[in-house]
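As structure tokens, the structure follows; a few thoughts come after it.
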Amino acid sequence: MNVEAFFKITYGLYVVSAAHNNRKNGYIANTVFQVTAEPPQFAISCNKDNLTADIISKSGYFSVSILEKDVPSELIGLFGFKSGKDVDKYESVRHTVTKNNTPVLLENTIAWFECRVVNVLDVGSHLLFIAEILGNELTHAEKEPLTYAWYHQVKKGMAPKNAPTYIDAQKVRSSGSSGKASGKKYECPACGFVYDPEVGDPEGGIPPGTPFEDIPDNWQCPVCGMSKSEFKPLDE
């Protein structure tokens, strides 16, 4: 099976959020889709191990915020690769709370929806929440949404381990990917981001052609914030 074929399926990237007993949380989702027009309904797929899945099950509400194309990697790292069991994800980001106590991420987003769960399907590792849309707002009509293809190809990001589209990075490398780089590549053990010396990390101030060993020690993974010292060399 060629796993790179899965990357050709079009997904958006969103932050799905919920709250219960004053505890807010959210996660990066790429499985959000409209299932009916009348009444307008969304469906989301959420890993059972996600704290947000438990919160949605208890509250019966969630929000979907559409991420903008130029979202900073730090926000992806916060909502995609850190657990709400360990950090308060909403402590330092701009957001609002609806009358149903549902948190809505506003930072680096272009639109949002609030939803009420009407049905839940158990699909094994994930729960499929089907919900009616209670309200929405288009906040930045002029901006483009972030897609998984852009995230994967340009930002070199991988899906979080609990995502329904997660594919082991080793499988991607062994599926026939080609391309030579100057110098050894290193991989982030948390999110699967691969530092390629030929590409560098221009957004992080690391120009193309910079060997991994020459990156400043305080450099962090542009996707999830993991420190340089935790990166592992790739055996190619």
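Please note that chains go A, B, ... in the order of the structure tokens, that every chain numbers its residues from 1, and that ligands are numbered from 1 in the order shown.
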
Quiz item: Near Ile133 of chain A, counting only C-alpha atoms, which residues have an atom at most 6 Å away, once you skip same-chain residues fewer than 2 positions from it, shown as number ranges by chain?
Solution: A: 40-41, 114-115, 135

Saved selection, atoms kept: all heavy atoms, as a PDB file, in the first residue's frame:
ATOM      1  N   PRO A  40     -28.756  22.081   8.958  1.00  0.00           N
ATOM      2  CA  PRO A  40     -27.309  22.036   8.786  1.00  0.00           C
ATOM      3  C   PRO A  40     -26.651  21.233   9.906  1.00  0.00           C
ATOM      4  O   PRO A  40     -26.855  21.513  11.090  1.00  0.00           O
ATOM      5  CB  PRO A  40     -26.896  23.512   8.845  1.00  0.00           C
ATOM      6  CG  PRO A  40     -27.998  24.187   9.599  1.00  0.00           C
ATOM      7  CD  PRO A  40     -29.243  23.434   9.267  1.00  0.00           C
ATOM      8  N   GLN A  41     -25.876  20.215   9.512  1.00  0.00           N
ATOM      9  CA  GLN A  41     -25.231  19.358  10.496  1.00  0.00           C
ATOM     10  C   GLN A  41     -23.780  19.082  10.106  1.00  0.00           C
ATOM     11  O   GLN A  41     -23.450  18.965   8.922  1.00  0.00           O
ATOM     12  CB  GLN A  41     -25.967  18.019  10.626  1.00  0.00           C
ATOM     13  CG  GLN A  41     -27.363  18.127  11.191  1.00  0.00           C
ATOM     14  CD  GLN A  41     -28.006  16.758  11.360  1.00  0.00           C
ATOM     15  OE1 GLN A  41     -28.188  16.263  12.465  1.00  0.00           O
ATOM     16  NE2 GLN A  41     -28.361  16.136  10.236  1.00  0.00           N
ATOM     17  N   GLU A 114     -20.705  26.776  16.178  1.00  0.00           N
ATOM     18  CA  GLU A 114     -21.043  26.103  17.432  1.00  0.00           C
ATOM     19  C   GLU A 114     -22.041  24.999  17.125  1.00  0.00           C
ATOM     20  O   GLU A 114     -22.983  25.206  16.341  1.00  0.00           O
ATOM     21  CB  GLU A 114     -21.639  27.057  18.459  1.00  0.00           C
ATOM     22  CG  GLU A 114     -21.889  26.338  19.796  1.00  0.00           C
ATOM     23  CD  GLU A 114     -22.612  27.191  20.818  1.00  0.00           C
ATOM     24  OE1 GLU A 114     -23.255  28.182  20.429  1.00  0.00           O
ATOM     25  OE2 GLU A 114     -22.540  26.851  22.022  1.00  0.00           O
ATOM     26  N   CYS A 115     -21.842  23.828  17.727  1.00  0.00           N
ATOM     27  CA  CYS A 115     -22.649  22.657  17.389  1.00  0.00           C
ATOM     28  C   CYS A 115     -23.169  21.946  18.643  1.00  0.00           C
ATOM     29  O   CYS A 115     -22.501  21.924  19.677  1.00  0.00           O
ATOM     30  CB  CYS A 115     -21.821  21.662  16.571  1.00  0.00           C
ATOM     31  SG  CYS A 115     -21.026  22.370  15.104  1.00  0.00           S
ATOM     32  N   GLY A 135     -24.988  28.011  15.401  1.00  0.00           N
ATOM     33  CA  GLY A 135     -24.633  29.361  14.964  1.00  0.00           C
ATOM     34  C   GLY A 135     -23.223  29.374  14.419  1.00  0.00           C
ATOM     35  O   GLY A 135     -22.448  28.434  14.649  1.00  0.00           O
TER      36      GLY A 135
END

Near Asp196 of chain A, within 9 Å and counting only C-alpha atoms, which residues show up once chain neighbours fewer than 6 positions away are dropped, as a compact mmCIF listing (two decimals) with C-alpha atoms, in the first residue's frame?
# COMPACT_ATOMS: atom_id res chain seq x y z
CA ALA A 181 19.41 16.39 0.73
CA SER A 182 22.74 17.85 1.68
CA GLY A 183 23.55 16.54 5.13
CA LYS A 184 21.81 14.19 7.53
CA LYS A 185 18.12 14.57 8.31
CA TYR A 186 16.76 14.57 11.86
CA GLU A 187 13.26 13.70 13.06
CA PRO A 208 18.51 26.39 3.64
CA GLY A 209 21.80 24.51 3.61
CA THR A 210 22.27 24.64 7.39
CA PRO A 211 23.42 21.28 8.85
CA PHE A 212 21.48 20.15 11.90

Quiz item: Got a sec to tell me which of segment 6-230 of chain A DSSP assigns to alpha helix (DSSP H), as a PyMOL selection string?
Solution: chain A and resi 51-59+73-81+148-153+169-174

Take the residues just selected and output them with N, CA and C atoms as a compact mmCIF listing (two decimals), in the first residue's frame.
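Generated file (selection.txt):
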# COMPACT_ATOMS: atom_id res chain seq x y z
N LEU A 51 -8.82 14.02 25.53
CA LEU A 51 -9.58 14.63 26.61
C LEU A 51 -10.84 15.29 26.07
N THR A 52 -10.75 15.90 24.89
CA THR A 52 -11.89 16.60 24.31
C THR A 52 -13.05 15.65 24.02
N ALA A 53 -12.76 14.42 23.67
CA ALA A 53 -13.83 13.45 23.40
C ALA A 53 -14.67 13.23 24.65
N ASP A 54 -14.02 13.13 25.79
CA ASP A 54 -14.74 12.95 27.05
C ASP A 54 -15.54 14.20 27.40
N ILE A 55 -14.96 15.37 27.14
CA ILE A 55 -15.65 16.62 27.45
C ILE A 55 -16.88 16.80 26.56
N ILE A 56 -16.75 16.49 25.27
CA ILE A 56 -17.90 16.60 24.37
C ILE A 56 -19.00 15.63 24.78
N SER A 57 -18.61 14.43 25.17
CA SER A 57 -19.60 13.43 25.59
C SER A 57 -20.40 13.90 26.80
N LYS A 58 -19.75 14.62 27.69
CA LYS A 58 -20.41 15.10 28.90
C LYS A 58 -21.20 16.38 28.66
N SER A 59 -20.68 17.28 27.84
CA SER A 59 -21.33 18.58 27.65
C SER A 59 -22.39 18.55 26.55
N SER A 73 3.22 27.87 13.52
CA SER A 73 3.44 26.49 13.93
C SER A 73 3.23 26.30 15.43
N GLU A 74 3.47 27.37 16.21
CA GLU A 74 3.31 27.26 17.65
C GLU A 74 1.88 26.92 18.04
N LEU A 75 0.90 27.46 17.29
CA LEU A 75 -0.48 27.17 17.61
C LEU A 75 -0.83 25.73 17.22
N ILE A 76 -0.27 25.25 16.09
CA ILE A 76 -0.43 23.85 15.71
C ILE A 76 0.14 22.95 16.79
N GLY A 77 1.31 23.32 17.29
CA GLY A 77 1.94 22.52 18.33
C GLY A 77 1.13 22.48 19.61
N LEU A 78 0.55 23.64 19.98
CA LEU A 78 -0.22 23.73 21.22
C LEU A 78 -1.46 22.85 21.17
N PHE A 79 -2.24 22.97 20.09
CA PHE A 79 -3.50 22.23 20.02
C PHE A 79 -3.36 20.83 19.42
N GLY A 80 -2.26 20.60 18.69
CA GLY A 80 -2.11 19.30 18.03
C GLY A 80 -1.21 18.31 18.73
N PHE A 81 -0.23 18.80 19.50
CA PHE A 81 0.76 17.89 20.05
C PHE A 81 0.97 18.03 21.56
N TYR A 148 -4.78 20.30 4.83
CA TYR A 148 -3.78 19.32 5.26
C TYR A 148 -2.69 19.17 4.22
N ALA A 149 -3.04 19.32 2.93
CA ALA A 149 -2.03 19.21 1.88
C ALA A 149 -0.96 20.30 2.04
N TRP A 150 -1.40 21.54 2.30
CA TRP A 150 -0.46 22.64 2.51
C TRP A 150 0.37 22.40 3.77
N TYR A 151 -0.28 21.98 4.82
CA TYR A 151 0.40 21.69 6.09
C TYR A 151 1.47 20.61 5.90
N HIS A 152 1.14 19.58 5.14
CA HIS A 152 2.07 18.47 4.94
C HIS A 152 3.19 18.84 3.98
N GLN A 153 2.86 19.51 2.86
CA GLN A 153 3.85 19.77 1.83
C GLN A 153 4.73 20.97 2.12
N ALA A 169 5.48 7.85 10.45
CA ALA A 169 6.44 8.50 9.57
C ALA A 169 7.37 7.50 8.89
N GLN A 170 7.67 6.40 9.56
CA GLN A 170 8.54 5.39 8.99
C GLN A 170 7.91 4.78 7.74
N LYS A 171 6.57 4.63 7.76
CA LYS A 171 5.87 4.07 6.61
C LYS A 171 5.94 5.02 5.43
N VAL A 172 5.90 6.33 5.73
CA VAL A 172 6.00 7.31 4.66
C VAL A 172 7.37 7.22 3.99
N ARG A 173 8.41 7.08 4.80
CA ARG A 173 9.76 7.01 4.26
C ARG A 173 9.99 5.74 3.45
N SER A 174 9.32 4.65 3.84
CA SER A 174 9.56 3.37 3.18
C SER A 174 8.61 3.12 2.02

Quiz prompt | Residues within 12 Å of Ile130 of chain A, only C-alpha atoms, excluding chain neighbours under 6 positions, as JSON, numbers by chain | solution = {"A": [31, 32, 33, 34, 35, 36, 39, 40, 41, 42, 43, 44, 45, 46, 56, 57, 60, 61, 62, 115, 116, 117, 118, 119, 120, 121, 122]}

With C-alpha atoms retained, could you export that selection as a CSV table (one decimal), in the first residue's frame?
chain,number,residue,atom,x,y,z
A,31,THR,CA,-12.1,15.2,10.0
A,32,VAL,CA,-14.8,17.8,10.1
A,33,PHE,CA,-17.4,17.7,7.4
A,34,GLN,CA,-21.0,18.8,6.6
A,35,VAL,CA,-23.4,15.9,6.4
A,36,THR,CA,-26.7,17.7,5.8
A,39,PRO,CA,-31.0,21.0,9.0
A,40,PRO,CA,-27.3,22.0,8.8
A,41,GLN,CA,-25.2,19.4,10.5
A,42,PHE,CA,-21.5,18.6,11.0
A,43,ALA,CA,-19.7,15.4,11.9
A,44,ILE,CA,-16.4,15.1,13.6
A,45,SER,CA,-14.2,12.1,14.4
A,46,CYS,CA,-12.4,12.3,17.7
A,56,ILE,CA,-17.9,16.6,24.4
A,57,SER,CA,-19.6,13.4,25.6
A,60,GLY,CA,-23.1,17.7,24.4
A,61,TYR,CA,-21.6,20.8,22.6
A,62,PHE,CA,-18.5,21.6,20.7
A,115,CYS,CA,-22.6,22.7,17.4
A,116,ARG,CA,-24.9,20.5,19.6
A,117,VAL,CA,-24.5,16.8,19.5
A,118,VAL,CA,-27.5,14.8,18.2
A,119,ASN,CA,-25.9,11.4,17.7
A,120,VAL,CA,-22.8,9.5,18.5
A,121,LEU,CA,-21.3,6.5,16.6
A,122,ASP,CA,-18.6,4.3,18.0

Exercise. Determine, counting only C-alpha atoms, which protein, DNA and RNA residues have an atom within 12 Å of an atom of segment 90-92 of chain A; residues of the same chain fewer than 4 positions away are not included. Present the result as an MDAnalysis selection string.
Key: chainID A and resid 15 17:19 22:27 74:75 78:79 83:84 96:97 103:107

Could you take the residues named above and write them with N, CA, C and O atoms, as a PDB file, in the first residue's frame?
ATOM      1  N   VAL A  15      -9.651  23.586  14.695  1.00  0.00           N
ATOM      2  CA  VAL A  15      -9.550  23.343  16.130  1.00  0.00           C
ATOM      3  C   VAL A  15     -10.963  23.083  16.638  1.00  0.00           C
ATOM      4  O   VAL A  15     -11.852  23.932  16.504  1.00  0.00           O
ATOM      5  N   SER A  17     -13.252  22.435  19.899  1.00  0.00           N
ATOM      6  CA  SER A  17     -13.161  22.788  21.318  1.00  0.00           C
ATOM      7  C   SER A  17     -14.448  22.447  22.058  1.00  0.00           C
ATOM      8  O   SER A  17     -15.525  22.396  21.466  1.00  0.00           O
ATOM      9  N   ALA A  18     -14.313  22.244  23.358  1.00  0.00           N
ATOM     10  CA  ALA A  18     -15.472  21.966  24.206  1.00  0.00           C
ATOM     11  C   ALA A  18     -15.101  22.312  25.646  1.00  0.00           C
ATOM     12  O   ALA A  18     -13.929  22.511  25.981  1.00  0.00           O
ATOM     13  N   ALA A  19     -16.128  22.353  26.515  1.00  0.00           N
ATOM     14  CA  ALA A  19     -15.902  22.650  27.928  1.00  0.00           C
ATOM     15  C   ALA A  19     -16.928  21.917  28.775  1.00  0.00           C
ATOM     16  O   ALA A  19     -18.061  21.687  28.344  1.00  0.00           O
ATOM     17  N   ASN A  22     -16.258  24.059  33.709  1.00  0.00           N
ATOM     18  CA  ASN A  22     -15.243  25.123  33.618  1.00  0.00           C
ATOM     19  C   ASN A  22     -13.889  24.641  33.115  1.00  0.00           C
ATOM     20  O   ASN A  22     -12.897  25.362  33.227  1.00  0.00           O
ATOM     21  N   ARG A  23     -13.819  23.443  32.571  1.00  0.00           N
ATOM     22  CA  ARG A  23     -12.572  22.949  31.999  1.00  0.00           C
ATOM     23  C   ARG A  23     -12.664  23.028  30.482  1.00  0.00           C
ATOM     24  O   ARG A  23     -13.469  22.342  29.859  1.00  0.00           O
ATOM     25  N   LYS A  24     -11.834  23.884  29.877  1.00  0.00           N
ATOM     26  CA  LYS A  24     -11.831  24.060  28.426  1.00  0.00           C
ATOM     27  C   LYS A  24     -10.716  23.213  27.802  1.00  0.00           C
ATOM     28  O   LYS A  24      -9.659  23.039  28.395  1.00  0.00           O
ATOM     29  N   ASN A  25     -10.975  22.735  26.613  1.00  0.00           N
ATOM     30  CA  ASN A  25      -9.926  22.043  25.881  1.00  0.00           C
ATOM     31  C   ASN A  25     -10.254  22.044  24.396  1.00  0.00           C
ATOM     32  O   ASN A  25     -11.398  22.281  23.988  1.00  0.00           O
ATOM     33  N   GLY A  26      -9.251  21.782  23.572  1.00  0.00           N
ATOM     34  CA  GLY A  26      -9.442  21.718  22.141  1.00  0.00           C
ATOM     35  C   GLY A  26      -8.318  20.934  21.500  1.00  0.00           C
ATOM     36  O   GLY A  26      -7.269  20.719  22.109  1.00  0.00           O
ATOM     37  N   TYR A  27      -8.529  20.502  20.266  1.00  0.00           N
ATOM     38  CA  TYR A  27      -7.511  19.727  19.563  1.00  0.00           C
ATOM     39  C   TYR A  27      -7.575  20.027  18.067  1.00  0.00           C
ATOM     40  O   TYR A  27      -8.585  20.504  17.552  1.00  0.00           O
ATOM     41  N   GLU A  74       3.471  27.368  16.211  1.00  0.00           N
ATOM     42  CA  GLU A  74       3.310  27.260  17.651  1.00  0.00           C
ATOM     43  C   GLU A  74       1.875  26.917  18.037  1.00  0.00           C
ATOM     44  O   GLU A  74       1.631  26.154  18.978  1.00  0.00           O
ATOM     45  N   LEU A  75       0.904  27.461  17.293  1.00  0.00           N
ATOM     46  CA  LEU A  75      -0.484  27.166  17.607  1.00  0.00           C
ATOM     47  C   LEU A  75      -0.829  25.729  17.220  1.00  0.00           C
ATOM     48  O   LEU A  75      -1.549  25.038  17.936  1.00  0.00           O
ATOM     49  N   LEU A  78       0.549  23.640  19.978  1.00  0.00           N
ATOM     50  CA  LEU A  78      -0.224  23.730  21.216  1.00  0.00           C
ATOM     51  C   LEU A  78      -1.461  22.845  21.167  1.00  0.00           C
ATOM     52  O   LEU A  78      -1.708  22.049  22.084  1.00  0.00           O
ATOM     53  N   PHE A  79      -2.241  22.967  20.089  1.00  0.00           N
ATOM     54  CA  PHE A  79      -3.502  22.231  20.016  1.00  0.00           C
ATOM     55  C   PHE A  79      -3.362  20.830  19.418  1.00  0.00           C
ATOM     56  O   PHE A  79      -4.222  19.985  19.640  1.00  0.00           O
ATOM     57  N   SER A  83      -1.143  17.827  25.393  1.00  0.00           N
ATOM     58  CA  SER A  83      -2.363  17.294  25.993  1.00  0.00           C
ATOM     59  C   SER A  83      -2.987  18.291  26.956  1.00  0.00           C
ATOM     60  O   SER A  83      -2.291  18.920  27.761  1.00  0.00           O
ATOM     61  N   GLY A  84      -4.309  18.419  26.872  1.00  0.00           N
ATOM     62  CA  GLY A  84      -5.026  19.272  27.810  1.00  0.00           C
ATOM     63  C   GLY A  84      -4.987  18.729  29.225  1.00  0.00           C
ATOM     64  O   GLY A  84      -5.361  19.429  30.173  1.00  0.00           O
ATOM     65  N   THR A  96     -13.400  33.144  22.680  1.00  0.00           N
ATOM     66  CA  THR A  96     -14.636  33.587  23.296  1.00  0.00           C
ATOM     67  C   THR A  96     -15.372  32.363  23.827  1.00  0.00           C
ATOM     68  O   THR A  96     -14.968  31.222  23.570  1.00  0.00           O
ATOM     69  N   VAL A  97     -16.439  32.599  24.575  1.00  0.00           N
ATOM     70  CA  VAL A  97     -17.242  31.505  25.125  1.00  0.00           C
ATOM     71  C   VAL A  97     -18.708  31.805  24.822  1.00  0.00           C
ATOM     72  O   VAL A  97     -19.187  32.915  25.062  1.00  0.00           O
ATOM     73  N   PRO A 103     -16.167  26.965  24.403  1.00  0.00           N
ATOM     74  CA  PRO A 103     -15.068  27.842  23.999  1.00  0.00           C
ATOM     75  C   PRO A 103     -14.904  27.839  22.485  1.00  0.00           C
ATOM     76  O   PRO A 103     -15.129  26.815  21.822  1.00  0.00           O
ATOM     77  N   VAL A 104     -14.523  28.988  21.937  1.00  0.00           N
ATOM     78  CA  VAL A 104     -14.327  29.137  20.494  1.00  0.00           C
ATOM     79  C   VAL A 104     -12.982  29.820  20.273  1.00  0.00           C
ATOM     80  O   VAL A 104     -12.769  30.943  20.729  1.00  0.00           O
ATOM     81  N   LEU A 105     -12.083  29.156  19.583  1.00  0.00           N
ATOM     82  CA  LEU A 105     -10.788  29.751  19.275  1.00  0.00           C
ATOM     83  C   LEU A 105     -10.960  30.826  18.207  1.00  0.00           C
ATOM     84  O   LEU A 105     -11.549  30.575  17.147  1.00  0.00           O
ATOM     85  N   LEU A 106     -10.443  32.027  18.476  1.00  0.00           N
ATOM     86  CA  LEU A 106     -10.519  33.140  17.531  1.00  0.00           C
ATOM     87  C   LEU A 106      -9.157  33.451  16.915  1.00  0.00           C
ATOM     88  O   LEU A 106      -9.087  34.015  15.821  1.00  0.00           O
ATOM     89  N   GLU A 107      -8.095  33.082  17.586  1.00  0.00           N
ATOM     90  CA  GLU A 107      -6.746  33.409  17.136  1.00  0.00           C
ATOM     91  C   GLU A 107      -6.361  32.598  15.897  1.00  0.00           C
ATOM     92  O   GLU A 107      -6.468  31.371  15.884  1.00  0.00           O
TER      93      GLU A 107
END

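Excluding Lys228 of chain A and any residue on its chain fewer than 5 positions from it, the residues at most 8 Å away by only C-alpha atoms are A:Asp217, A:Asn218, A:Trp219, A:Gln220, A:Cys221.
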
Can you write out the residues you just picked, keeping C-alpha atoms, as an mmCIF file, in the first residue's frame?
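Output file selection_5.cif follows:
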data_model
loop_
_atom_site.group_PDB
_atom_site.id
_atom_site.type_symbol
_atom_site.label_atom_id
_atom_site.label_comp_id
_atom_site.auth_asym_id
_atom_site.auth_seq_id
_atom_site.Cartn_x
_atom_site.Cartn_y
_atom_site.Cartn_z
ATOM 1 C CA ASP A 217 20.788 24.802 20.735
ATOM 2 C CA ASN A 218 17.675 26.804 21.644
ATOM 3 C CA TRP A 219 15.997 25.977 18.304
ATOM 4 C CA GLN A 220 12.695 24.097 18.614
ATOM 5 C CA CYS A 221 10.581 21.949 16.323
#

Quiz item: Using only C-alpha atoms, which residue out of A:Thr98, A:Pro233, A:Thr10, A:Asn47 lies closest to Phe129 of chain A?
Solution: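 With only C-alpha atoms as the atom set, the closest residue is A:Asn47.
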